[in-house]
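Notes follow the structure.
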Amino acid sequence: MTTSTISTPAKSTYTLGELMVASAAREIRDAEVVFVGMRLPLIAFVVAKKTHAPNAIGLFENGVIRSTPAPELIYTMADPPNIRGATQCLDMLGVMGLLQSGRVHLGFLGAAEVDRFGNLNSTEVRGPKGTVRLPGSGGACDIASLAQRFVVLLEHSKRRLPEQVSYITSPGNGDGQAWRQRMGLPRGGPSAVITTMAVLRFGDDGEAYLASVHPGVEIEDVLENTGWPLRSAKQAQQTLEPSAAELQAIREYDKEGFWTK
Amino acid sequence: MSKLLSMRDAIADLVPDGASVALGLQLEQMIPFAAGHELIRQKKRNLALIGPISDILFDQMIGAGCAEKVIAAWVGNVMMGSAYNFRRAVEEDGMKVINLTNFTVALALQAGAMGVPFLPTRSGLGSDTVRDNEFFVEIESPFPSSPADESPTRSDSQGRLSPRGAEKLHAVRALVPDVTIVHVQRADREGNTHCWGNFGVMIEGVRAAKRVIVVAEEIVKPEVIASDPNRTVIPGFLVNAVVECPYGAHPSPVQGYYKRDDVFFRQYHEQTKTREDNAAWLNRWVYSVSDRRAYTNQLGACRVDELGVKQHAYAAQADFGY
């Protein structure tokens with residue numbers, strides 16, 4: 001993840017990581033059931049709980065269900081603060097069963113690559129010296145298959161946003177409209193891709209479009225760094241900056257900026 | 001009957017070369033590193049490693065030459081990203097990997113635990129993970145409609161939406177590990193086991209396995225286990241060996257005993273970037289320590305103390321009286 005800092009006209013500064021976490025947090029609506037996932041989403045859930053979505057419920061694939069944010073920074077979902085004070089600690093089949101039966105509104109995912117139709121690759125990519133093996137699906141394929149909607153976070157570059165992923169680890173909209181139904185997937189699909197430059201959303205045809213650009217980023221830069229001719233919303237907006245409350249929640253939690261520096 | 005064994009004897013007796021071994025089933029908590037290191041020291045070969053995610057333990061065993069193949073959803077270093085031995089083994093040495101997803105690892109083990117050849121799921125339809133994969137077959141539901149089916153429309157062979165098409169599913173093949181190894185807080189001498197925190201796929205993994213090794217922070221009297229039967233995750237009759245091994249899950253956390261050693265995971269990432277570096281790491285942390293006591297001594301009293309519980313948080317009592 002990049003470490004550059006964006007200066008804003010209003011004297012306050014925040015990091016790109018903070019902007020992405022705040023954007024991710026806003027994807028969570030109050031009282032939703034969220035499949036949280038690894039890395040940045042761990043903080044996004046905490047920020048949402050502490051700001052606009054106090055009644056959100058977090059599901060973690062190790063079997064943890066939380067209705068309060070973890071009391072301290074966690075690096076993994078199984079860190080002891082995420083267990084203490086949890087609502088329930090059981091098994092993966094339990095939470096994955098809830099996901100499969102449609103009870104999860106939103107899932108968060110990372111990926112090495114995301115394509116034009118929101119398909120994700122986290123299994124293998126082609127590098128200059130041949131195939132690069134990545135860690136793999138984890139629960140990503142399950143979340144992408146079964147959540148009511150999912151949101152992806154990743155770095156914005158041509159390499160990370162190819163027109164078509166070479167390997168679909170986690171299904172997005174396939175090749176377009178109604179692909180998910182044809183495959184037999186029960187619901188869902190991508191609702192946003194939050195990158196280091198912009199936020200993409202998806203039209204009824206299943207294709208991504210530019211919904212907002214981050215402060216200080218030119219639309220041309222976004223288009224140049226995307227692996228296909230990216231469509232733009234009629235009026236692409238500027239991504240909302242993190243609020244004071246969001247920044248406070250992030251900084252109280254990630255004191256050393258491990259995730260958000 | 002007591003099943004207490006030393007780690008050395010448990011691994012020597014129960015894990016032959018070529019065995020399929022499930023471990024790290026509680027995801028990032030309670031990873032049986034001490035058992036994994038003993039497998040490495042005993043130079044076990046051609047193992048099939050089974051697990052949902054592996055937070056560097058599989059990487060260490062792969063880097064030590066123990067693994068012939070991996071059946072897993074994710075192999076890496078959770079806080080740092082990729083793990084280098086796994087990458088080298090796949091990219092340069094052609095190690096076989098059967099890619100599953102977390103849910104389908106759980107279903108494969110649950111099918112093994114239940115004694116059925118497969119379990120169905122809606123996950124992974126349209127994913128390349130299931131393509132040419134011996135663990136998945138696309139099937140149609142034998143029933144006309146499922147009560148869980150939200151969508152009244154299905155597409156026919158021409159891609160038209162039709163109201164009564166069969167429901168597509170994946171059959172996930174049963175997985176029966178030769179050995180499952182788990183790390184827990186406490187067990188009695190017969191293997192009746194208490195665990196608390198997140199379970200991941202531990203319970204299915206234990207029920208599915210042909211043999212089970214329980215590694216515990218503490219061995220307690222049977223009355224302790226029987227006092228709180230809802231906390232019992234493994235009945236002793238499924239267990240072949242019980243090993244007492246304090247700090248046996250370090251650097252992963254054990255709820256109520258020690259926290260995660262985040263620095264260790266960061267250092268591992270930095271110290272295993274090349275084959276030579278990895279050999280030095282294994283030499284320092286595995287080959288040159290004879291057992292977990294020696295390992296803990298090398299870690300140092302300060303670090304062990306630092307990782308210990310600073311603020312206890314006991315559960316409220318539950319009354320089993322009548």
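Ordering of the structure tokens sets the chain letters (A, B, ...); residue numbers start at 1 within each chain; ligands are numbered from 1 in the order shown.
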| task | Could you list the residues in chain A lying within 9 Å of chain B, using only C-alpha atoms, and format the result as a PyMOL selection string? | result | chain A and resi 38-39+61-64+75-80+83-84+88-93+96-97+100-102+123+130-146+167-172+174+179-187
| task | Give me the residues within 9 Å of Ala34 (chain B) as an MDAnalysis selection string, counting only C-alpha atoms and dropping any in the same chain fewer than 4 places off. | result | chainID B and resid 7 38:39 215 245 247:250 291:292
Output all heavy atoms for every residue in the selection just made, as a short mmCIF file (atom, residue, chain, number, x, y, z; two decimals), in the first residue's frame.
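Result written to out.cif:
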```
data_model
loop_
_atom_site.label_atom_id
_atom_site.label_comp_id
_atom_site.auth_asym_id
_atom_site.auth_seq_id
_atom_site.Cartn_x
_atom_site.Cartn_y
_atom_site.Cartn_z
N MET B 7 6.34 -34.69 22.89
CA MET B 7 6.12 -34.26 21.51
C MET B 7 6.91 -35.16 20.56
O MET B 7 6.40 -35.57 19.51
CB MET B 7 6.55 -32.80 21.34
CG MET B 7 6.30 -32.25 19.95
SD MET B 7 4.55 -32.05 19.60
CE MET B 7 4.26 -30.42 20.30
N GLU B 38 8.70 -30.04 15.37
CA GLU B 38 9.15 -31.41 15.62
C GLU B 38 9.07 -32.25 14.34
O GLU B 38 9.95 -33.07 14.07
CB GLU B 38 8.31 -32.03 16.74
CG GLU B 38 8.80 -33.40 17.21
CD GLU B 38 10.24 -33.42 17.73
OE1 GLU B 38 10.71 -32.39 18.27
OE2 GLU B 38 10.92 -34.47 17.55
N LEU B 39 8.03 -32.01 13.53
CA LEU B 39 7.95 -32.70 12.23
C LEU B 39 9.17 -32.34 11.37
O LEU B 39 9.74 -33.20 10.69
CB LEU B 39 6.66 -32.29 11.50
CG LEU B 39 5.36 -32.87 12.04
CD1 LEU B 39 4.15 -32.06 11.55
CD2 LEU B 39 5.18 -34.33 11.61
N VAL B 215 -2.26 -31.02 21.50
CA VAL B 215 -1.16 -30.36 22.20
C VAL B 215 -1.79 -29.30 23.11
O VAL B 215 -2.56 -28.47 22.63
CB VAL B 215 -0.19 -29.68 21.21
CG1 VAL B 215 1.01 -29.09 21.95
CG2 VAL B 215 0.26 -30.66 20.14
N CYS B 245 2.55 -28.94 26.34
CA CYS B 245 3.57 -28.10 25.69
C CYS B 245 3.26 -26.62 25.85
O CYS B 245 2.65 -25.99 24.98
CB CYS B 245 3.65 -28.46 24.21
SG CYS B 245 5.00 -27.65 23.36
N TYR B 247 3.60 -22.74 25.63
CA TYR B 247 4.12 -21.87 24.56
C TYR B 247 4.26 -22.60 23.22
O TYR B 247 4.95 -22.13 22.32
CB TYR B 247 5.46 -21.23 24.96
CG TYR B 247 5.35 -20.42 26.22
CD1 TYR B 247 5.82 -20.91 27.42
CD2 TYR B 247 4.69 -19.19 26.21
CE1 TYR B 247 5.66 -20.19 28.60
CE2 TYR B 247 4.53 -18.46 27.37
CZ TYR B 247 5.01 -18.97 28.57
OH TYR B 247 4.84 -18.25 29.71
N GLY B 248 3.56 -23.72 23.11
CA GLY B 248 3.68 -24.52 21.88
C GLY B 248 3.07 -23.88 20.65
O GLY B 248 3.28 -24.36 19.54
N ALA B 249 2.30 -22.80 20.83
CA ALA B 249 1.70 -22.15 19.67
C ALA B 249 2.43 -20.86 19.30
O ALA B 249 2.10 -20.24 18.29
CB ALA B 249 0.23 -21.84 19.93
N HIS B 250 3.41 -20.43 20.10
CA HIS B 250 4.14 -19.20 19.78
C HIS B 250 4.71 -19.28 18.37
O HIS B 250 5.24 -20.32 18.00
CB HIS B 250 5.30 -19.00 20.77
CG HIS B 250 6.15 -17.81 20.41
ND1 HIS B 250 7.22 -17.90 19.54
CD2 HIS B 250 6.07 -16.50 20.77
CE1 HIS B 250 7.77 -16.70 19.39
NE2 HIS B 250 7.08 -15.84 20.13
N ASP B 291 13.89 -28.94 21.81
CA ASP B 291 12.46 -29.05 22.11
C ASP B 291 11.91 -27.66 22.44
O ASP B 291 12.62 -26.65 22.32
CB ASP B 291 12.22 -30.02 23.27
CG ASP B 291 12.96 -29.61 24.54
OD1 ASP B 291 13.42 -28.43 24.64
OD2 ASP B 291 13.10 -30.45 25.45
N ARG B 292 10.66 -27.62 22.88
CA ARG B 292 10.01 -26.32 23.09
C ARG B 292 10.61 -25.56 24.27
O ARG B 292 10.58 -24.34 24.30
CB ARG B 292 8.51 -26.53 23.28
CG ARG B 292 7.69 -25.32 22.90
CD ARG B 292 7.91 -24.91 21.45
NE ARG B 292 7.04 -23.82 21.03
CZ ARG B 292 7.09 -23.26 19.83
NH1 ARG B 292 7.95 -23.67 18.92
NH2 ARG B 292 6.27 -22.28 19.51
#
```
| query | Hey, can you check how far CA of Val21 (chain B) sits from CA of Gly51 (chain B)? | reply |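 So the answer is 8.6 Å.
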| How many Å separate CA of Met20 (chain A) from CA of Ile194 (chain A)? |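 We find that CA of Met20 (chain A) and CA of Ile194 (chain A) lie 6.7 Å from each other.
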| query | So which residues of region 40-265 of chain B fall under strand (DSSP E) by DSSP, listed as a ChimeraX atom specification? | reply | /B:47-55,67-76,96-99,118-121,136-140,154-155,161-162,168-173,179-187,193-194,211-219,232-234,241-244
| request: Per DSSP on the backbone, filter region 34-229 of chain A down to the residues in helix (DSSP H, G or I) and report them as a PyMOL selection string. | output: chain A and resi 40-50+80-83+92-100+140-146+179-183+219-224
| said: Excluding region 114-120 of chain A and its own-chain neighbours fewer than 4 positions away, which residues fall within 8 Å of it when counting only C-alpha atoms? Please give them as a ChimeraX atom specification. | reply: /A:160-165,167-176,189-190,193,202,206-208,228,230
| task | Show which residues sit within 7 Å of Leu99 (chain A), as a PyMOL selection string. Count only C-alpha atoms, and ignore same-chain residues fewer than 4 positions away. | result | chain A and resi 95+103-104+146-147
Please write the residues from the selection above to a file, keeping N, CA and C atoms, as an mmCIF file, in the first residue's frame.
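Written out: again.cif:
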```
data_model
loop_
_atom_site.group_PDB
_atom_site.id
_atom_site.type_symbol
_atom_site.label_atom_id
_atom_site.label_comp_id
_atom_site.auth_asym_id
_atom_site.auth_seq_id
_atom_site.Cartn_x
_atom_site.Cartn_y
_atom_site.Cartn_z
ATOM 1 N N VAL A 95 -20.350 -19.335 10.570
ATOM 2 C CA VAL A 95 -20.414 -18.015 9.926
ATOM 3 C C VAL A 95 -20.523 -18.148 8.408
ATOM 4 N N ARG A 103 -27.588 -14.089 4.810
ATOM 5 C CA ARG A 103 -27.765 -13.158 5.923
ATOM 6 C C ARG A 103 -26.685 -12.085 6.010
ATOM 7 N N VAL A 104 -25.679 -12.149 5.142
ATOM 8 C CA VAL A 104 -24.597 -11.159 5.195
ATOM 9 C C VAL A 104 -24.826 -10.103 4.116
ATOM 10 N N LEU A 146 -21.202 -15.243 -2.213
ATOM 11 C CA LEU A 146 -22.383 -15.436 -1.373
ATOM 12 C C LEU A 146 -22.903 -14.199 -0.638
ATOM 13 N N ALA A 147 -22.074 -13.157 -0.489
ATOM 14 C CA ALA A 147 -22.562 -11.959 0.210
ATOM 15 C C ALA A 147 -23.566 -11.215 -0.669
#
```
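For the choices A:Ile74, A:Ile57, A:Leu223, A:Ala48, the atom-to-atom distance to Glu32 (chain A) is smallest for A:Ile57 when using only C-alpha atoms.
For the atom pair formed by CA of Ser2 (chain B) and CA of Ser290 (chain B), the distance is 24.6 Å, given to one decimal.
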